[in-house]
Amino acid sequence: MRLVLLGAPGSGKGTQAAMLRDSLRIPHISTGDLLRAAVKAGTPLGLQAKAVMDAGKLVSDDIVLGMLEDRVAEQDARAGFILDGYPRNLAQCAALEALLDRINQPLDVAVKLDVPNELIVERIAGRAAAEGRVDDTPETVRARLRVYAEQTAPVADHFAAIGKLVTVDGVGELDEVFDRIVAALPA
Ligand code: AP5
């Protein structure tokens with residue numbers, strides 16, 4: 001199974017991707033996690049990405065695609081993967097489709113988690129208090145939600161147009177949301 005998880009910041013992509021990874025036994029590939037690891041390791045790429053991430057903007061398509069290509073080429077991704085945080089704009093969407101064509105591994109489904117903005121702001125405030133992620137400040141969250149509406153929402157429209165989008169209600173207990181996602185996956 002090759003699936004993309006879409007949804008606004010704080011909609012639960014990372015949480016649900018980890019649950020799907022354990023249940024489907026395929027890797028969870030998060031471009032946000034890959035970038036945060038590069039920042040933490042202080043690599044040149046991480047240093048370049050840090051300011052952009054702290055401002056809630058998108059890191060350059062080339063950087064993210066390079067990281068994704070490397071990760072998808074790893075052995076454990078041969079049986080499939082859950083992509084979280086990619087693609088985030090229409091250029092990344094085209095790059096993903098070209099990559100998957102090239103390796104002959106077409107995407108099965110894109111799952112969009114639907115969560116109202118008020119609840120997103122509440123969830124992220126909770127995470128900010130618990131974990132102190134640097135891009136979880138109210139101002140940066142507003143910027144991330146704006147980027148999502150302007151650049152990432154059209155990606156969901158694209159997957160809908162090619163018949164690969166399912167939208168799942170992301171409000172409720174973790175297990176409830178998980179069950180809805182599993183029920184929406186293609187056989
Ligand atoms: P990224 O790490 O992808 O962040 P994001 O999309 O903003 O998503 P979040 O991690 O904030 O939220 P999530 O949907 O995963 O929700 P979560 O499960 O954590 O990207 C960060 C930055 O990296 C970007 O801004 C950009 O700069 C850069 N970047 C990443 N990918 C890129 C790309 N492709 N191109 C360019 N730049 C890129 O849940 C949030 C909170 O809610 C948690 O505390 C969780 O416990 C809680 N929660 C989850 N589900 C529930 C529930 N059902 N009920 C109650 N609480 C819940």
# chains A, B, ... in the order shown; residues from 1 in each chain; ligands from 1

$ select_by_dssp --residues "segment 65-157 of chain A" --states "helix (DSSP H, G or I)" --output "ChimeraX atom specification"
/A:65-72,75-77,90-102,117-131,134-136,138-157

$ residues_near_ligand --ligand "ligand 1" --cutoff "6 Å" --atoms "only C-alpha atoms and all ligand atoms" --output "PyMOL selection string"
chain A and resi 8-15+31-33+52-53+56-61+64+85-88+123-124+127+144+171-174

$ atom_distance --atom1 "atom CA of Lys40 of chain A" --atom2 "atom CA of Asp135 of chain A"
14.2 Å

$ residues_around --residues "Leu20 of chain A" --least-positions-apart "3" --cutoff "10 Å" --atoms "only C-alpha atoms" --output "PyMOL selection string"
chain A and resi 14-17+23-28+81-82+178+181-182

$ atom_distance --atom1 "atom CA of Ala55 of chain A" --atom2 "atom CA of Val39 of chain A"
14.1 Å

$ closest_residue --among "A:Ala38, A:Leu3, A:Met19, A:Ala125" --to "Ala77 of chain A" --atoms "only C-alpha atoms"
A:Leu3

$ select_by_dssp --residues "chain A" --states "strand (DSSP E or B)" --output "PyMOL selection string"
chain A and resi 2-7+28-30+81-84+109-114+165-169

$ write_last_selection --atoms "C-alpha atoms" --output "PDB file, in the first residue's frame"
ATOM      1  CA  ARG A   2       1.322   3.422  -0.966  1.00  0.00           C
ATOM      2  CA  LEU A   3      -0.623   6.187   0.642  1.00  0.00           C
ATOM      3  CA  VAL A   4      -0.372   9.915   1.161  1.00  0.00           C
ATOM      4  CA  LEU A   5      -1.798  11.523   4.297  1.00  0.00           C
ATOM      5  CA  LEU A   6      -2.998  15.060   3.730  1.00  0.00           C
ATOM      6  CA  GLY A   7      -4.372  17.577   6.184  1.00  0.00           C
ATOM      7  CA  HIS A  28       6.042   6.176   7.894  1.00  0.00           C
ATOM      8  CA  ILE A  29       7.911   8.764   5.850  1.00  0.00           C
ATOM      9  CA  SER A  30       7.464  12.292   7.213  1.00  0.00           C
ATOM     10  CA  PHE A  81       4.895   3.556   2.570  1.00  0.00           C
ATOM     11  CA  ILE A  82       2.821   6.207   4.272  1.00  0.00           C
ATOM     12  CA  LEU A  83       3.816   9.695   3.167  1.00  0.00           C
ATOM     13  CA  ASP A  84       3.133  12.418   5.733  1.00  0.00           C
ATOM     14  CA  VAL A 109      -4.774   6.536  -2.224  1.00  0.00           C
ATOM     15  CA  ALA A 110      -4.543   9.997  -0.675  1.00  0.00           C
ATOM     16  CA  VAL A 111      -6.338  10.316   2.676  1.00  0.00           C
ATOM     17  CA  LYS A 112      -7.235  13.818   3.814  1.00  0.00           C
ATOM     18  CA  LEU A 113      -7.917  14.413   7.504  1.00  0.00           C
ATOM     19  CA  ASP A 114     -10.586  17.021   8.000  1.00  0.00           C
ATOM     20  CA  LEU A 165      -8.825  11.178  -2.656  1.00  0.00           C
ATOM     21  CA  VAL A 166     -10.768  10.030   0.376  1.00  0.00           C
ATOM     22  CA  THR A 167     -11.675  12.544   3.064  1.00  0.00           C
ATOM     23  CA  VAL A 168     -11.919  11.349   6.638  1.00  0.00           C
ATOM     24  CA  ASP A 169     -13.335  13.178   9.650  1.00  0.00           C
TER      25      ASP A 169
END
